[in-house]
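Let me begin by presenting the structure, written as structure tokens, before commenting on it.
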Amino acid sequence: SARREVEEEVGYVVRDLHFVQRFLSSPGITSEMLHVFFAEVRDEDRVHGGNLLQGEDLLLEELSLPAAWAMLESGQIRDAKTLVGLQWLRLRR
């Protein structure tokens, strides 16, 4: 399902998908479990412009790694799944 979501939402075919982490979105309030994956894509993996499903309000934004690190350090990123994913990536780069 992660591969399908990447293609539907951002328009890339994912070749290698790596599990990063799973965690509760809000322990004690809900049992919703979030699963974070990493996939590296190239320009040739793009199959469409993304956001295939009507009614979804998505904003796709590409960032360089230095820009993402700066946003992480400045506190601009407040979403837990994004924080987990970026921290994981930063430890491995």
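Residues in the structure tokens are named by chain (A, B, ... in the order shown) and by number from 1 within that chain; ligands are numbered from 1 in the order shown.
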Query raised in the report: Counting only C-alpha atoms, what is within 12 Å of Asp16 (chain A), bar same-chain residues fewer than 4 positions away, as a ChimeraX atom specification?
Result: /A:2-3,12,37-42,45
Report task. Find the residues near Gly49 (chain A): any atom within 10 Å, counting only C-alpha atoms, skip ones fewer than 6 places away on the same chain, and give them as a list of chain:residue names. Result ->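 Counting only C-alpha atoms, the residues come to A:Glu7, A:Glu8, A:Glu9, A:Val10, A:Gly11, A:Tyr12, A:Leu60.
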Go ahead and save the picked residues with N, CA and C atoms, as a short mmCIF file (atom, residue, chain, number, x, y, z; two decimals), in the first residue's frame.
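Output file part-v7.cif is given in full below:
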```cif
data_model
loop_
_atom_site.label_atom_id
_atom_site.label_comp_id
_atom_site.auth_asym_id
_atom_site.auth_seq_id
_atom_site.Cartn_x
_atom_site.Cartn_y
_atom_site.Cartn_z
N GLU A 7 2.75 6.52 -5.54
CA GLU A 7 2.40 6.76 -6.94
C GLU A 7 1.17 7.66 -7.06
N GLU A 8 0.13 7.38 -6.28
CA GLU A 8 -1.09 8.19 -6.34
C GLU A 8 -0.85 9.63 -5.89
N GLU A 9 -0.15 9.79 -4.79
CA GLU A 9 -0.02 11.10 -4.16
C GLU A 9 1.04 11.99 -4.80
N VAL A 10 2.21 11.42 -5.12
CA VAL A 10 3.29 12.26 -5.63
C VAL A 10 3.76 11.89 -7.03
N GLY A 11 3.23 10.81 -7.61
CA GLY A 11 3.49 10.51 -9.00
C GLY A 11 4.77 9.78 -9.32
N TYR A 12 5.36 9.09 -8.35
CA TYR A 12 6.60 8.35 -8.58
C TYR A 12 6.36 6.85 -8.40
N LEU A 60 2.59 19.54 -2.92
CA LEU A 60 3.86 18.84 -3.05
C LEU A 60 4.97 19.87 -3.10
#
```
May I have all residues of chain A that DSSP, computed from the backbone, assigns to alpha helix (DSSP H), given as an mmCIF file with N, CA and C atoms, in the first residue's frame?
```cif
data_model
loop_
_atom_site.group_PDB
_atom_site.id
_atom_site.type_symbol
_atom_site.label_atom_id
_atom_site.label_comp_id
_atom_site.auth_asym_id
_atom_site.auth_seq_id
_atom_site.Cartn_x
_atom_site.Cartn_y
_atom_site.Cartn_z
ATOM 1 N N ALA A 2 2.050 1.210 0.590
ATOM 2 C CA ALA A 2 2.933 2.384 0.599
ATOM 3 C C ALA A 2 3.370 2.731 -0.821
ATOM 4 N N ARG A 3 3.705 1.732 -1.610
ATOM 5 C CA ARG A 3 4.093 1.976 -3.006
ATOM 6 C C ARG A 3 2.948 2.625 -3.785
ATOM 7 N N ARG A 4 1.752 2.108 -3.603
ATOM 8 C CA ARG A 4 0.573 2.640 -4.294
ATOM 9 C C ARG A 4 0.319 4.090 -3.887
ATOM 10 N N GLU A 5 0.434 4.388 -2.609
ATOM 11 C CA GLU A 5 0.200 5.742 -2.123
ATOM 12 C C GLU A 5 1.218 6.734 -2.694
ATOM 13 N N VAL A 6 2.480 6.328 -2.770
ATOM 14 C CA VAL A 6 3.498 7.214 -3.341
ATOM 15 C C VAL A 6 3.144 7.530 -4.790
ATOM 16 N N GLU A 7 2.747 6.516 -5.544
ATOM 17 C CA GLU A 7 2.400 6.763 -6.943
ATOM 18 C C GLU A 7 1.165 7.655 -7.063
ATOM 19 N N GLU A 8 0.131 7.383 -6.276
ATOM 20 C CA GLU A 8 -1.090 8.190 -6.336
ATOM 21 C C GLU A 8 -0.851 9.628 -5.892
ATOM 22 N N GLU A 9 -0.147 9.786 -4.787
ATOM 23 C CA GLU A 9 -0.021 11.097 -4.161
ATOM 24 C C GLU A 9 1.039 11.987 -4.801
ATOM 25 N N VAL A 10 2.209 11.423 -5.120
ATOM 26 C CA VAL A 10 3.293 12.262 -5.628
ATOM 27 C C VAL A 10 3.764 11.894 -7.028
ATOM 28 N N LEU A 65 18.304 18.776 0.761
ATOM 29 C CA LEU A 65 18.579 18.310 2.123
ATOM 30 C C LEU A 65 19.031 19.448 3.037
ATOM 31 N N PRO A 66 19.914 20.363 2.593
ATOM 32 C CA PRO A 66 20.278 21.478 3.474
ATOM 33 C C PRO A 66 19.066 22.325 3.887
ATOM 34 N N ALA A 67 18.127 22.526 2.979
ATOM 35 C CA ALA A 67 16.923 23.297 3.327
ATOM 36 C C ALA A 67 16.068 22.532 4.333
ATOM 37 N N ALA A 68 15.950 21.212 4.151
ATOM 38 C CA ALA A 68 15.174 20.399 5.100
ATOM 39 C C ALA A 68 15.827 20.417 6.478
ATOM 40 N N TRP A 69 17.178 20.310 6.519
ATOM 41 C CA TRP A 69 17.875 20.342 7.819
ATOM 42 C C TRP A 69 17.660 21.689 8.499
ATOM 43 N N ALA A 70 17.706 22.771 7.727
ATOM 44 C CA ALA A 70 17.490 24.107 8.300
ATOM 45 C C ALA A 70 16.085 24.231 8.873
ATOM 46 N N MET A 71 15.094 23.716 8.162
ATOM 47 C CA MET A 71 13.716 23.759 8.666
ATOM 48 C C MET A 71 13.572 22.914 9.919
ATOM 49 N N LEU A 72 14.252 21.783 9.952
ATOM 50 C CA LEU A 72 14.232 20.908 11.114
ATOM 51 C C LEU A 72 14.830 21.622 12.329
ATOM 52 N N GLU A 73 15.979 22.241 12.133
ATOM 53 C CA GLU A 73 16.675 22.918 13.225
ATOM 54 C C GLU A 73 15.949 24.166 13.716
ATOM 55 N N SER A 74 15.243 24.850 12.816
ATOM 56 C CA SER A 74 14.552 26.084 13.201
ATOM 57 C C SER A 74 13.196 25.827 13.837
ATOM 58 N N ALA A 80 4.920 15.083 13.456
ATOM 59 C CA ALA A 80 5.715 13.994 14.030
ATOM 60 C C ALA A 80 6.254 13.031 12.986
ATOM 61 N N LYS A 81 5.435 12.645 12.015
ATOM 62 C CA LYS A 81 5.927 11.666 11.037
ATOM 63 C C LYS A 81 7.022 12.265 10.162
ATOM 64 N N THR A 82 6.934 13.556 9.873
ATOM 65 C CA THR A 82 7.983 14.217 9.101
ATOM 66 C C THR A 82 9.251 14.338 9.928
ATOM 67 N N LEU A 83 9.107 14.668 11.199
ATOM 68 C CA LEU A 83 10.265 14.749 12.093
ATOM 69 C C LEU A 83 10.976 13.403 12.196
ATOM 70 N N VAL A 84 10.213 12.339 12.393
ATOM 71 C CA VAL A 84 10.802 11.002 12.497
ATOM 72 C C VAL A 84 11.530 10.647 11.204
ATOM 73 N N GLY A 85 10.887 10.886 10.068
ATOM 74 C CA GLY A 85 11.498 10.556 8.785
ATOM 75 C C GLY A 85 12.772 11.345 8.519
ATOM 76 N N LEU A 86 12.740 12.641 8.788
ATOM 77 C CA LEU A 86 13.925 13.465 8.538
ATOM 78 C C LEU A 86 15.063 13.148 9.501
ATOM 79 N N GLN A 87 14.742 12.896 10.763
ATOM 80 C CA GLN A 87 15.788 12.530 11.719
ATOM 81 C C GLN A 87 16.432 11.208 11.319
ATOM 82 N N TRP A 88 15.620 10.258 10.880
ATOM 83 C CA TRP A 88 16.144 8.972 10.409
ATOM 84 C C TRP A 88 17.090 9.191 9.228
ATOM 85 N N LEU A 89 16.649 10.002 8.254
ATOM 86 C CA LEU A 89 17.464 10.262 7.074
ATOM 87 C C LEU A 89 18.754 10.980 7.437
ATOM 88 N N ARG A 90 18.654 11.935 8.331
ATOM 89 C CA ARG A 90 19.838 12.704 8.725
ATOM 90 C C ARG A 90 20.892 11.822 9.383
ATOM 91 N N LEU A 91 20.458 10.864 10.164
ATOM 92 C CA LEU A 91 21.397 9.947 10.806
ATOM 93 C C LEU A 91 22.117 9.059 9.799
ATOM 94 N N ARG A 92 21.523 8.862 8.644
ATOM 95 C CA ARG A 92 22.088 7.965 7.647
ATOM 96 C C ARG A 92 22.810 8.691 6.506
#
```
Report task. Apply DSSP to the structure's backbone, then extract all residues of chain A labelled strand (DSSP E or B) and return them as a list in words. Result -> Tyr12, His18, Phe19, Val20, Gln21, Arg22, Phe23, Leu24, Met33, Leu34, His35, Val36, Phe37, Phe38 and Arg46 of chain A
For the selection you just gave me, I'd like the residues written to a file as a short mmCIF file (atom, residue, chain, number, x, y, z; two decimals), in the first residue's frame, keeping C-alpha atoms.
```
data_model
loop_
_atom_site.label_atom_id
_atom_site.label_comp_id
_atom_site.auth_asym_id
_atom_site.auth_seq_id
_atom_site.Cartn_x
_atom_site.Cartn_y
_atom_site.Cartn_z
CA TYR A 12 6.60 8.35 -8.58
CA HIS A 18 12.77 0.76 3.33
CA PHE A 19 10.88 0.57 6.60
CA VAL A 20 11.90 3.39 8.97
CA GLN A 21 9.66 3.20 12.04
CA ARG A 22 6.13 2.78 13.30
CA PHE A 23 4.64 4.68 16.21
CA LEU A 24 1.36 5.69 17.79
CA MET A 33 -0.42 3.52 14.22
CA LEU A 34 1.72 5.45 11.73
CA HIS A 35 4.23 3.65 9.52
CA VAL A 36 7.12 5.63 8.01
CA PHE A 37 9.04 4.38 4.98
CA PHE A 38 11.91 5.74 2.90
CA ARG A 46 8.06 10.02 -12.28
#
```
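Between CA of Gln76 (chain A) and CA of Ser1 (chain A) lies a distance of 28.9 Å.
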Report task. Kindly indicate which residue among A:Arg93, A:Arg15, A:Ile77, A:Leu59 lies nearest to Glu44 (chain A), using only C-alpha atoms for the distances. Result -> A:Arg15
Query raised in the report: Hey, which of A:Glu56, A:Asp43, A:Asp79, A:Glu32 ends up closest to Val13 (chain A)? Count only C-alpha atoms.
Result: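 Residue with the minimum atom-to-atom distance to Val13 (chain A): A:Asp43.
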